[in-house]
>>> print(open('coords07.cif').read())   # mmCIF, C-alpha atoms
data_data
loop_
_atom_site.label_atom_id
_atom_site.label_comp_id
_atom_site.auth_asym_id
_atom_site.auth_seq_id
_atom_site.Cartn_x
_atom_site.Cartn_y
_atom_site.Cartn_z
CA MET E 1 -24.62 -49.79 48.61
CA ALA E 2 -25.58 -48.16 45.32
CA SER E 3 -25.21 -50.39 42.30
CA THR E 4 -23.46 -49.32 39.14
CA SER E 5 -25.76 -49.42 36.15
CA ASP E 6 -24.64 -50.75 32.80
CA SER E 7 -24.95 -47.24 31.39
CA ASP E 8 -22.18 -46.07 33.77
CA LYS E 9 -19.72 -48.63 32.46
CA PRO E 10 -17.64 -47.84 29.38
CA SER E 11 -18.66 -49.94 26.41
CA VAL E 12 -16.26 -52.49 24.98
CA SER E 13 -15.88 -50.38 21.82
CA ASN E 14 -15.02 -47.27 23.89
CA VAL E 15 -12.41 -49.17 25.90
CA GLU E 16 -10.85 -50.53 22.71
CA GLU E 17 -10.82 -47.07 21.15
CA THR E 18 -9.20 -45.53 24.23
CA ARG E 19 -6.55 -48.24 24.48
CA THR E 20 -5.76 -48.02 20.77
CA ARG E 21 -5.27 -44.28 21.15
CA LEU E 22 -3.01 -44.79 24.18
CA CYS E 23 -0.93 -47.33 22.25
CA ASP E 24 -0.54 -44.91 19.34
CA GLU E 25 0.50 -42.07 21.66
CA PHE E 26 2.94 -44.27 23.61
CA ALA E 27 4.50 -45.49 20.35
CA ALA E 28 4.86 -41.92 19.08
CA ILE E 29 6.55 -40.72 22.28
CA ALA E 30 8.80 -43.71 22.88
CA GLY E 31 9.60 -44.47 19.25
CA THR E 32 8.32 -48.06 19.50
CA ASP E 33 5.70 -50.07 17.65
CA SER E 34 2.17 -50.57 18.95
CA ALA E 35 2.88 -54.12 20.18
CA VAL E 36 5.59 -52.88 22.57
CA ALA E 37 3.34 -50.02 23.61
CA GLN E 38 0.47 -52.40 24.39
CA CYS E 39 2.76 -54.59 26.49
CA TYR E 40 4.00 -51.74 28.70
CA LEU E 41 0.58 -50.12 29.02
CA ALA E 42 -1.14 -53.40 29.95
CA GLU E 43 1.51 -54.11 32.60
CA ASN E 44 0.89 -50.68 34.10
CA GLU E 45 -2.90 -50.71 34.14
CA TRP E 46 -3.08 -48.49 31.05
CA GLU E 47 -1.64 -45.49 32.88
CA MET E 48 0.53 -43.58 30.43
CA GLU E 49 3.06 -42.04 32.83
CA ARG E 50 3.65 -45.31 34.71
CA ALA E 51 4.09 -47.16 31.43
CA LEU E 52 6.57 -44.58 30.09
CA ASN E 53 8.55 -44.68 33.33
CA SER E 54 8.73 -48.45 33.11
CA PHE E 55 9.87 -48.31 29.50
CA PHE E 56 12.62 -45.76 30.15
CA GLU E 57 14.02 -47.69 33.11
CA ALA E 58 15.63 -50.04 30.57
CA ASP E 59 19.42 -49.84 30.52
CA MET E 60 20.44 -47.78 27.50
CA GLU E 61 24.06 -47.09 28.40
CA ARG E 62 25.10 -49.74 25.87
CA VAL E 63 24.37 -47.28 23.04
CA PHE E 64 27.42 -45.21 23.98
CA GLU E 65 30.95 -46.47 23.51
CA VAL E 66 32.21 -44.74 26.65
CA ASP E 67 32.56 -45.86 30.25
CA PHE E 68 30.57 -43.80 32.69
CA PRO E 69 31.63 -43.21 36.31
CA GLU E 70 29.59 -45.05 38.91
CA GLU E 71 29.17 -42.08 41.20
CA GLU E 72 26.37 -39.56 40.91
CA THR E 73 27.43 -36.48 38.97
CA GLY E 74 24.20 -34.50 39.09
CA PRO E 75 22.77 -32.55 42.03
CA LYS E 76 19.51 -33.47 43.69
CA THR E 77 18.89 -30.00 45.08
CA LYS E 78 17.48 -26.99 43.31
CA LYS E 79 20.78 -25.11 43.56
CA GLN E 80 23.81 -26.44 41.78
CA LYS E 81 27.48 -25.72 42.36
CA ILE E 82 29.82 -25.22 39.45
CA GLU E 83 32.62 -27.78 39.31
CA GLU E 84 36.00 -26.05 39.36
CA LYS E 85 37.81 -28.79 37.45
CA PRO E 86 36.53 -31.53 35.16
CA PRO E 87 37.36 -35.17 35.92
CA ALA E 88 40.83 -36.14 34.71
CA ASP E 89 39.55 -38.65 32.13
CA CYS E 90 37.35 -36.11 30.32
CA ILE E 91 38.15 -34.97 26.80
CA ASP E 92 36.40 -31.73 25.90
CA LEU E 93 34.93 -32.10 22.41
CA THR E 94 33.44 -28.60 22.69
CA GLU E 95 36.69 -26.74 23.36
CA SER E 96 37.63 -24.36 20.58
CA SER E 97 40.04 -25.79 18.04
CA PRO E 98 43.30 -23.87 17.32
CA ALA E 99 41.83 -22.66 14.03
CA SER E 100 38.89 -21.04 15.80
CA THR E 101 40.65 -19.42 18.74
CA ARG E 102 40.69 -15.94 17.23
CA LYS E 103 39.83 -13.24 19.72
CA PRO E 104 36.19 -12.28 19.17
CA SER E 105 35.45 -8.69 18.29
CA GLU E 106 33.95 -6.48 20.95
CA GLU E 107 30.65 -6.63 19.06
CA ASP E 108 30.65 -10.45 18.98
CA ASP E 109 31.76 -10.66 22.59
CA ASP E 110 28.71 -8.72 23.75
CA LYS E 111 26.27 -10.95 21.87
CA LEU E 112 24.39 -13.75 23.59
CA SER E 113 23.99 -16.91 21.52
CA LEU E 114 21.89 -20.01 22.10
CA ILE E 115 20.92 -23.30 20.53
CA SER E 116 17.63 -25.05 21.29
CA TRP E 117 17.34 -28.67 20.11
CA ASN E 118 15.24 -31.76 20.71
CA VAL E 119 18.05 -34.32 20.37
CA ASP E 120 15.76 -37.37 20.23
CA GLY E 121 17.58 -39.41 22.85
CA LEU E 122 14.67 -41.83 22.76
CA ASP E 123 15.90 -43.10 19.40
CA THR E 124 18.92 -45.19 20.40
CA ASP E 125 20.00 -46.02 16.82
CA ASN E 126 23.40 -44.39 16.13
CA LEU E 127 22.94 -42.41 19.32
CA ALA E 128 26.64 -42.20 20.20
CA GLU E 129 27.51 -40.79 16.79
CA ARG E 130 24.55 -38.43 16.93
CA ALA E 131 25.69 -37.18 20.36
CA ARG E 132 29.13 -36.55 18.90
CA GLY E 133 27.35 -34.68 16.12
CA LEU E 134 25.74 -32.40 18.71
CA CYS E 135 29.17 -31.71 20.21
CA SER E 136 30.47 -30.82 16.74
CA PHE E 137 27.75 -28.22 16.30
CA ILE E 138 28.53 -26.80 19.73
CA VAL E 139 32.18 -26.45 18.63
CA LEU E 140 31.07 -24.76 15.40
CA TYR E 141 28.68 -22.25 16.97
CA THR E 142 30.15 -21.95 20.54
CA PRO E 143 26.75 -20.98 21.98
CA ASP E 144 26.58 -19.41 25.42
CA VAL E 145 23.42 -21.37 26.23
CA VAL E 146 22.08 -24.69 24.93
CA PHE E 147 18.52 -25.87 25.59
CA LEU E 148 18.06 -29.62 25.07
CA GLN E 149 14.95 -31.81 25.05
CA GLU E 150 14.50 -35.61 25.04
CA LEU E 151 17.69 -36.28 26.96
CA ILE E 152 18.21 -39.68 28.60
CA PRO E 153 20.69 -40.36 31.44
CA PRO E 154 23.43 -41.96 29.28
CA TYR E 155 23.30 -39.01 26.88
CA VAL E 156 23.79 -36.58 29.76
CA GLN E 157 26.71 -38.60 31.12
CA TYR E 158 28.30 -38.51 27.66
CA LEU E 159 27.93 -34.72 27.49
CA LYS E 160 29.39 -34.30 30.98
CA LYS E 161 32.49 -36.19 29.90
CA ARG E 162 32.80 -34.58 26.49
CA ALA E 163 31.59 -30.99 27.00
CA VAL E 164 33.39 -30.00 30.17
CA SER E 165 33.55 -26.31 29.24
CA TYR E 166 29.79 -26.26 29.90
CA LEU E 167 27.80 -26.59 33.11
CA ILE E 168 24.92 -29.00 32.57
CA ILE E 169 21.62 -28.66 34.46
CA GLU E 170 19.00 -31.39 34.21
CA ALA E 171 15.24 -31.35 34.73
CA GLY E 172 15.11 -35.04 35.66
CA GLU E 173 17.12 -38.10 36.54
CA GLU E 174 15.03 -40.93 35.07
CA GLY E 175 13.26 -41.63 31.82
CA TYR E 176 13.62 -38.69 29.45
CA PHE E 177 13.85 -35.00 30.33
CA THR E 178 15.15 -31.57 29.34
CA GLY E 179 18.40 -29.89 30.21
CA MET E 180 20.55 -26.78 29.78
CA MET E 181 24.20 -26.26 29.00
CA LEU E 182 25.82 -23.00 30.14
CA LYS E 183 29.25 -21.93 28.87
CA LYS E 184 31.25 -21.52 32.08
CA SER E 185 33.54 -18.79 30.74
CA ARG E 186 30.60 -16.56 29.73
CA VAL E 187 27.53 -17.39 31.80
CA LYS E 188 27.50 -17.35 35.60
CA PHE E 189 24.99 -19.82 37.02
CA LEU E 190 23.02 -18.62 40.08
CA GLU E 191 20.21 -21.09 40.74
CA SER E 192 17.62 -23.29 39.04
CA GLU E 193 14.23 -24.80 39.71
CA ILE E 194 11.90 -27.32 38.14
CA VAL E 195 8.28 -26.23 37.73
CA THR E 196 5.86 -29.15 37.51
CA TYR E 197 2.92 -29.36 35.14
CA PRO E 198 0.28 -30.91 37.45
CA THR E 199 -1.76 -32.71 34.80
CA THR E 200 0.92 -33.89 32.37
CA GLN E 201 0.69 -37.52 31.28
CA MET E 202 4.14 -37.48 29.68
CA MET E 203 6.54 -36.49 32.48
CA ARG E 204 6.85 -32.92 31.20
CA ASN E 205 7.98 -29.91 33.26
CA LEU E 206 9.57 -26.46 32.97
CA LEU E 207 13.27 -26.00 33.77
CA VAL E 208 14.15 -22.47 34.89
CA ALA E 209 17.64 -21.09 35.55
CA GLN E 210 18.72 -17.68 36.84
CA VAL E 211 22.08 -16.61 35.42
CA ASP E 212 24.30 -13.60 34.94
CA PHE E 213 25.63 -12.74 31.48
CA LYS E 214 28.19 -9.94 31.40
CA GLY E 215 26.44 -8.18 34.28
CA GLN E 216 22.95 -8.71 32.87
CA LYS E 217 20.35 -10.78 34.71
CA LEU E 218 18.85 -13.53 32.58
CA CYS E 219 16.07 -15.98 33.30
CA LEU E 220 16.46 -19.02 31.04
CA MET E 221 13.63 -21.51 30.48
CA THR E 222 13.25 -24.71 28.51
CA SER E 223 10.49 -27.28 28.22
CA HIS E 224 9.12 -30.09 26.09
CA LEU E 225 5.39 -29.45 25.96
CA GLU E 226 2.88 -32.29 25.72
CA SER E 227 3.09 -34.25 22.46
CA CYS E 228 0.46 -35.45 19.98
CA LYS E 229 -2.43 -33.63 18.37
CA GLY E 230 -4.95 -35.05 20.86
CA HIS E 231 -3.25 -33.35 23.81
CA ALA E 232 -3.79 -29.77 22.67
CA GLU E 233 -5.64 -28.73 25.85
CA GLU E 234 -2.83 -29.92 28.13
CA ARG E 235 -0.24 -28.32 25.84
CA MET E 236 -2.05 -24.97 26.00
CA LYS E 237 -2.25 -25.21 29.81
CA GLN E 238 1.52 -25.71 29.85
CA LEU E 239 2.06 -22.76 27.53
CA ARG E 240 0.04 -20.59 29.92
CA VAL E 241 2.40 -21.58 32.76
CA VAL E 242 5.40 -20.59 30.62
CA MET E 243 3.88 -17.27 29.60
CA GLN E 244 2.89 -16.42 33.16
CA ARG E 245 6.47 -17.05 34.29
CA MET E 246 7.83 -14.87 31.49
CA ARG E 247 5.37 -12.06 32.14
CA GLU E 248 5.90 -12.00 35.91
CA ALA E 249 9.72 -12.01 35.88
CA PRO E 250 11.25 -8.83 37.43
CA ASP E 251 11.57 -5.92 35.01
CA ASP E 252 15.38 -5.85 35.29
CA VAL E 253 15.60 -9.44 34.00
CA THR E 254 15.74 -10.60 30.36
CA VAL E 255 13.75 -13.82 29.86
CA LEU E 256 14.46 -16.43 27.21
CA PHE E 257 12.45 -19.59 26.57
CA GLY E 258 13.38 -22.22 24.02
CA GLY E 259 12.13 -25.74 23.50
CA ASP E 260 10.11 -28.32 21.64
CA THR E 261 6.66 -26.86 22.16
CA ASN E 262 4.68 -29.17 19.82
CA LEU E 263 2.49 -26.09 19.31
CA ARG E 264 0.24 -25.42 16.40
CA ASP E 265 -0.36 -21.74 15.50
CA THR E 266 -4.07 -22.06 16.31
CA GLU E 267 -3.17 -23.14 19.87
CA VAL E 268 -0.86 -20.14 20.36
CA ALA E 269 -3.61 -17.86 19.10
CA LYS E 270 -6.05 -19.31 21.64
CA VAL E 271 -3.64 -18.80 24.55
CA GLY E 272 -2.20 -15.49 23.33
CA LEU E 273 1.26 -14.12 24.01
CA PRO E 274 1.68 -11.30 26.56
CA SER E 275 2.42 -7.96 24.88
CA SER E 276 5.93 -8.01 26.37
CA VAL E 277 6.79 -11.43 24.87
CA CYS E 278 7.72 -12.06 21.25
CA ASP E 279 8.20 -15.15 19.11
CA VAL E 280 11.78 -14.69 17.85
CA TRP E 281 11.09 -16.27 14.45
CA GLU E 282 8.22 -13.84 13.91
CA ARG E 283 10.22 -10.87 15.22
CA LEU E 284 12.98 -11.58 12.69
CA GLY E 285 10.61 -11.54 9.74
CA LYS E 286 9.24 -15.09 9.54
CA GLN E 287 12.06 -16.29 7.32
CA GLU E 288 10.93 -19.31 5.34
CA HIS E 289 14.29 -21.12 5.50
CA CYS E 290 13.97 -21.56 9.27
CA ARG E 291 10.21 -22.08 9.57
CA TYR E 292 9.97 -25.87 9.85
CA THR E 293 11.92 -27.57 12.63
CA TRP E 294 10.06 -30.89 12.27
CA ASP E 295 10.15 -31.76 8.59
CA THR E 296 9.69 -35.38 7.54
CA LYS E 297 10.08 -34.34 3.91
CA ALA E 298 13.70 -33.28 4.45
CA ASN E 299 14.66 -35.21 7.60
CA THR E 300 14.63 -38.99 7.10
CA ASN E 301 15.49 -40.10 10.66
CA LYS E 302 11.89 -41.17 11.18
CA THR E 303 10.23 -43.47 8.67
CA VAL E 304 6.63 -42.29 8.46
CA PRO E 305 4.02 -42.84 5.73
CA TYR E 306 3.18 -39.13 5.51
CA VAL E 307 4.80 -35.72 5.11
CA SER E 308 4.64 -33.46 8.13
CA ARG E 309 6.20 -29.98 8.25
CA CYS E 310 5.68 -28.13 11.53
CA ARG E 311 7.24 -25.33 13.57
CA PHE E 312 7.24 -27.31 16.80
CA ASP E 313 10.46 -25.81 18.18
CA ARG E 314 10.18 -22.17 19.18
CA VAL E 315 12.08 -19.43 21.00
CA TYR E 316 10.24 -16.79 23.02
CA PHE E 317 11.86 -13.61 24.32
CA ARG E 318 10.95 -10.94 26.86
CA PRO E 319 13.43 -8.07 27.20
CA ALA E 320 14.25 -6.32 30.45
CA CYS E 321 12.31 -3.05 30.60
CA LYS E 322 13.76 -1.26 33.64
CA ASP E 323 15.45 2.06 32.92
CA GLY E 324 19.21 1.85 32.85
CA VAL E 325 19.28 -1.91 32.23
CA PRO E 326 20.93 -3.04 28.95
CA ARG E 327 18.35 -4.42 26.55
CA LEU E 328 19.05 -7.40 24.34
CA ALA E 329 17.27 -7.87 21.04
CA PRO E 330 17.24 -10.87 18.66
CA ASP E 331 19.33 -10.30 15.55
CA HIS E 332 19.77 -13.70 13.89
CA MET E 333 18.18 -17.14 13.59
CA ALA E 334 19.17 -20.25 11.63
CA LEU E 335 18.43 -23.96 11.63
CA VAL E 336 21.26 -26.36 12.48
CA GLY E 337 21.76 -30.09 12.03
CA LEU E 338 20.79 -30.09 8.35
CA GLU E 339 23.75 -32.26 7.30
CA LYS E 340 23.77 -36.04 7.50
CA LEU E 341 26.40 -37.70 9.68
CA ASP E 342 28.71 -40.50 8.52
CA CYS E 343 26.15 -43.04 9.73
CA GLY E 344 23.71 -41.74 7.13
CA ARG E 345 21.37 -40.16 9.68
CA TYR E 346 20.92 -36.66 11.12
CA THR E 347 21.83 -35.56 14.65
CA SER E 348 18.11 -35.64 15.47
CA ASP E 349 14.71 -35.97 13.85
CA HIS E 350 14.29 -32.26 14.70
CA TRP E 351 16.40 -29.46 13.32
CA GLY E 352 18.01 -27.34 16.01
CA ILE E 353 17.53 -23.57 16.29
CA TYR E 354 20.47 -21.18 16.61
CA CYS E 355 19.75 -17.61 17.76
CA SER E 356 21.85 -14.63 18.69
CA PHE E 357 20.93 -11.50 20.61
CA SER E 358 22.73 -8.16 20.67
CA ALA E 359 22.56 -5.21 23.02
CA GLY E 360 20.16 -2.62 21.72
#
>>> encode(input="coords07.cif", output="structure tokens")
Amino acid sequence: MASTSDSDKPSVSNVEETRTRLCDEFAAIAGTDSAVAQCYLAENEWEMERALNSFFEADMERVFEVDFPEEETGPKTKKQKIEEKPPADCIDLTESSPASTRKPSEEDDDKLSLISWNVDGLDTDNLAERARGLCSFIVLYTPDVVFLQELIPPYVQYLKKRAVSYLIIEAGEEGYFTGMMLKKSRVKFLESEIVTYPTTQMMRNLLVAQVDFKGQKLCLMTSHLESCKGHAEERMKQLRVVMQRMREAPDDVTVLFGGDTNLRDTEVAKVGLPSSVCDVWERLGKQEHCRYTWDTKANTNKTVPYVSRCRFDRVYFRPACKDGVPRLAPDHMALVGLEKLDCGRYTSDHWGIYCSFSAG
């Protein structure tokens, strides 16, 4: 049997450096301190995904002041049926109020609207009030589609009880994951799938849904790409998967992606966007007021000893190009969630993105 030389073994300093880095990354993702991170990583042989799974198995339903049904409410198959009637004990916080029930104009009715938002479900402080804050913004904007990142199971159960005018599709059942909300009266759900990222260390994937909007075929995508500066290579690999999916969609389908990409502009430049795909913020003129979606200067939910202003959350768009198919085009973008709630915190540590698209 061949012996292992000392030169093949990692030095003590290298091991310490690697474990310190893992602790920092775990703490950043899970919103914990390094001592908690070290505990979970050590118990799971310093494997990041196992440690994160273990951490998120903790019961967090206590953060919501609602009782959740015992039975499973989410599908385990790729295709999902739309519930005809909500459970009797549900109160829809996203139903239009009497003051906002005016009949939309024909122009408004033909527009597609969406919100994309990392809701920071991993931060359980004031989470029930922050979830109610999300519902309030959904009432205000009545988006047809909502892309959500950093959901946890109790948060999803809350939304299912309080946003019954929307169909909710999830990209996971444990830990933290992404999801979509589709307005039942406007968007017809067809099918969905979860595309895995083979080398992710952070339980990330791509959620894809095929829908019909007023006779137009849409392919909707959301994802939470790999976090932390040190994971740029994995993040770019994930972006390539997204772009390939967008590029290869049938030419009679409009494709929309929205999510917390964690991307830096230099990374996007290295990967490159297909000629058919545009960054909606760039297409609409790079407006400064909606550039930064992660802004520790303005958003105080996270206490950090530095100022970081980044455009982590992005919306990408590929129009249908087949002759005779209606073509949507982006016409508006704004940031949402800029107001503090009664608890003194914001709905999330990220600002949300609101976009609308009109028929060209």
>>> residues_around(input="coords07.cif", residues="Arg21 in chain E", least_positions_apart="6", cutoff="12 Å", atoms="all atoms listed in the file", output="list in words")
Asn14, Val15, Ala27, Ala28, Ser34, Ala37, Gln38, Leu41, Trp46, Met48, Cys228, Lys229, Gly230 and His231 of chain E
>>> residues_around(input="coords07.cif", residues="range 207-222 of chain E", least_positions_apart="3", cutoff="9 Å", atoms="all atoms listed in the file", output="PDB file with C-alpha atoms, in the coordinates of the input")
ATOM      1  CA  ASP E 110      28.710  -8.720  23.750  1.00  0.00           C
ATOM      2  CA  LEU E 112      24.390 -13.750  23.590  1.00  0.00           C
ATOM      3  CA  SER E 116      17.630 -25.050  21.290  1.00  0.00           C
ATOM      4  CA  VAL E 145      23.420 -21.370  26.230  1.00  0.00           C
ATOM      5  CA  PHE E 147      18.520 -25.870  25.590  1.00  0.00           C
ATOM      6  CA  LEU E 148      18.060 -29.620  25.070  1.00  0.00           C
ATOM      7  CA  GLN E 149      14.950 -31.810  25.050  1.00  0.00           C
ATOM      8  CA  ILE E 169      21.620 -28.660  34.460  1.00  0.00           C
ATOM      9  CA  GLU E 170      19.000 -31.390  34.210  1.00  0.00           C
ATOM     10  CA  ALA E 171      15.240 -31.350  34.730  1.00  0.00           C
ATOM     11  CA  THR E 178      15.150 -31.570  29.340  1.00  0.00           C
ATOM     12  CA  GLY E 179      18.400 -29.890  30.210  1.00  0.00           C
ATOM     13  CA  MET E 180      20.550 -26.780  29.780  1.00  0.00           C
ATOM     14  CA  ARG E 186      30.600 -16.560  29.730  1.00  0.00           C
ATOM     15  CA  VAL E 187      27.530 -17.390  31.800  1.00  0.00           C
ATOM     16  CA  LYS E 188      27.500 -17.350  35.600  1.00  0.00           C
ATOM     17  CA  PHE E 189      24.990 -19.820  37.020  1.00  0.00           C
ATOM     18  CA  LEU E 190      23.020 -18.620  40.080  1.00  0.00           C
ATOM     19  CA  GLU E 191      20.210 -21.090  40.740  1.00  0.00           C
ATOM     20  CA  SER E 192      17.620 -23.290  39.040  1.00  0.00           C
ATOM     21  CA  GLU E 193      14.230 -24.800  39.710  1.00  0.00           C
ATOM     22  CA  ILE E 194      11.900 -27.320  38.140  1.00  0.00           C
ATOM     23  CA  VAL E 195       8.280 -26.230  37.730  1.00  0.00           C
ATOM     24  CA  THR E 196       5.860 -29.150  37.510  1.00  0.00           C
ATOM     25  CA  VAL E 242       5.400 -20.590  30.620  1.00  0.00           C
ATOM     26  CA  MET E 246       7.830 -14.870  31.490  1.00  0.00           C
ATOM     27  CA  ALA E 249       9.720 -12.010  35.880  1.00  0.00           C
ATOM     28  CA  ASP E 252      15.380  -5.850  35.290  1.00  0.00           C
ATOM     29  CA  VAL E 253      15.600  -9.440  34.000  1.00  0.00           C
ATOM     30  CA  THR E 254      15.740 -10.600  30.360  1.00  0.00           C
ATOM     31  CA  VAL E 255      13.750 -13.820  29.860  1.00  0.00           C
ATOM     32  CA  LEU E 256      14.460 -16.430  27.210  1.00  0.00           C
ATOM     33  CA  PHE E 257      12.450 -19.590  26.570  1.00  0.00           C
ATOM     34  CA  GLY E 258      13.380 -22.220  24.020  1.00  0.00           C
ATOM     35  CA  GLY E 259      12.130 -25.740  23.500  1.00  0.00           C
ATOM     36  CA  ASP E 260      10.110 -28.320  21.640  1.00  0.00           C
ATOM     37  CA  ALA E 320      14.250  -6.320  30.450  1.00  0.00           C
ATOM     38  CA  VAL E 325      19.280  -1.910  32.230  1.00  0.00           C
ATOM     39  CA  PRO E 326      20.930  -3.040  28.950  1.00  0.00           C
ATOM     40  CA  ARG E 327      18.350  -4.420  26.550  1.00  0.00           C
TER      41      ARG E 327
END
>>> residues_around(input="coords07.cif", residues="range 353-356 of chain E", least_positions_apart="5", cutoff="8 Å", atoms="only C-alpha atoms", output="list in words")
Lys111, Leu112, Ser113, Leu114, Ile115, Ser116, Trp117, Thr293, Asp313, Pro330, Asp331, His332, Met333, Ala334, Leu335 and Val336 of chain E
>>> resolve_selection(input="coords07.cif", expression="the PyMOL selection byres ((chain E and resi 341) around 12)", output="short mmCIF file (atom, residue, chain, number, x, y, z; two decimals) with C-alpha atoms, in the coordinates of the input")
data_model
loop_
_atom_site.label_atom_id
_atom_site.label_comp_id
_atom_site.auth_asym_id
_atom_site.auth_seq_id
_atom_site.Cartn_x
_atom_site.Cartn_y
_atom_site.Cartn_z
CA ASN E 126 23.40 -44.39 16.13
CA LEU E 127 22.94 -42.41 19.32
CA ALA E 128 26.64 -42.20 20.20
CA GLU E 129 27.51 -40.79 16.79
CA ARG E 130 24.55 -38.43 16.93
CA ALA E 131 25.69 -37.18 20.36
CA ARG E 132 29.13 -36.55 18.90
CA GLY E 133 27.35 -34.68 16.12
CA LEU E 134 25.74 -32.40 18.71
CA SER E 136 30.47 -30.82 16.74
CA PHE E 137 27.75 -28.22 16.30
CA ASN E 301 15.49 -40.10 10.66
CA GLY E 337 21.76 -30.09 12.03
CA LEU E 338 20.79 -30.09 8.35
CA GLU E 339 23.75 -32.26 7.30
CA LYS E 340 23.77 -36.04 7.50
CA ASP E 342 28.71 -40.50 8.52
CA CYS E 343 26.15 -43.04 9.73
CA GLY E 344 23.71 -41.74 7.13
CA ARG E 345 21.37 -40.16 9.68
CA TYR E 346 20.92 -36.66 11.12
CA THR E 347 21.83 -35.56 14.65
CA SER E 348 18.11 -35.64 15.47
#
>>> resolve_selection(input="coords07.cif", expression="the PyMOL selection byres ((chain E and resi 270-286) around 6)", output="CSV table (one decimal) with C-alpha atoms, in the coordinates of the input")
chain,number,residue,atom,x,y,z
E,267,GLU,CA,-3.2,-23.1,19.9
E,268,VAL,CA,-0.9,-20.1,20.4
E,269,ALA,CA,-3.6,-17.9,19.1
E,287,GLN,CA,12.1,-16.3,7.3
E,315,VAL,CA,12.1,-19.4,21.0
E,316,TYR,CA,10.2,-16.8,23.0
E,317,PHE,CA,11.9,-13.6,24.3
E,318,ARG,CA,11.0,-10.9,26.9
>>> atom_distance(input="coords07.cif", atom1="CA of Ile152 in chain E", atom2="CA of Ile168 in chain E")
13.2 Å
>>> atom_distance(input="coords07.cif", atom1="CA of Gly31 in chain E", atom2="CA of Tyr176 in chain E")
12.4 Å
>>> resolve_selection(input="coords07.cif", expression="the PyMOL selection byres ((chain E and resi 261) around 9)", output="MDAnalysis selection string")
chainID E and resid 223:227 235 239 258:260 262:264 311:314
>>> atom_distance(input="coords07.cif", atom1="CA of Ile138 in chain E", atom2="CA of Gln157 in chain E")
16.5 Å
>>> closest_residue(input="coords07.cif", among="E:Ser358, E:Ser54, E:Thr124, E:Gln244", to="Cys39 in chain E", atoms="only C-alpha atoms")
E:Ser54
>>> decode(input="coords07.cif", residues="range 270-274 of chain E", atoms="all heavy atoms", output="CSV table (one decimal), in the first residue's frame")
chain,number,residue,atom,x,y,z
E,270,LYS,N,-17.9,38.3,-17.8
E,270,LYS,CA,-17.2,37.1,-18.1
E,270,LYS,C,-18.1,36.1,-18.7
E,270,LYS,O,-17.7,35.4,-19.7
E,270,LYS,CB,-16.5,36.5,-16.8
E,270,LYS,CG,-15.3,37.3,-16.4
E,270,LYS,CD,-14.7,36.7,-15.1
E,270,LYS,CE,-13.5,37.4,-14.6
E,270,LYS,NZ,-13.0,36.8,-13.3
E,271,VAL,N,-19.3,35.9,-18.2
E,271,VAL,CA,-20.2,34.9,-18.7
E,271,VAL,C,-20.8,35.4,-20.1
E,271,VAL,O,-20.9,34.7,-21.0
E,271,VAL,CB,-21.4,34.6,-17.7
E,271,VAL,CG1,-22.4,33.7,-18.3
E,271,VAL,CG2,-20.8,34.0,-16.5
E,272,GLY,N,-21.3,36.6,-20.1
E,272,GLY,CA,-21.9,37.2,-21.2
E,272,GLY,C,-23.4,36.8,-21.3
E,272,GLY,O,-23.8,35.7,-21.0
E,273,LEU,N,-24.2,37.8,-21.7
E,273,LEU,CA,-25.6,37.5,-21.9
E,273,LEU,C,-25.9,37.2,-23.4
E,273,LEU,O,-25.3,37.9,-24.3
E,273,LEU,CB,-26.5,38.7,-21.5
E,273,LEU,CG,-26.4,39.2,-20.1
E,273,LEU,CD1,-27.4,40.4,-19.9
E,273,LEU,CD2,-26.7,38.1,-19.1
E,274,PRO,N,-26.7,36.2,-23.7
E,274,PRO,CA,-27.1,36.0,-25.1
E,274,PRO,C,-27.7,37.3,-25.7
E,274,PRO,O,-28.3,38.1,-25.0
E,274,PRO,CB,-28.2,34.9,-25.0
E,274,PRO,CG,-27.9,34.2,-23.7
E,274,PRO,CD,-27.4,35.3,-22.8
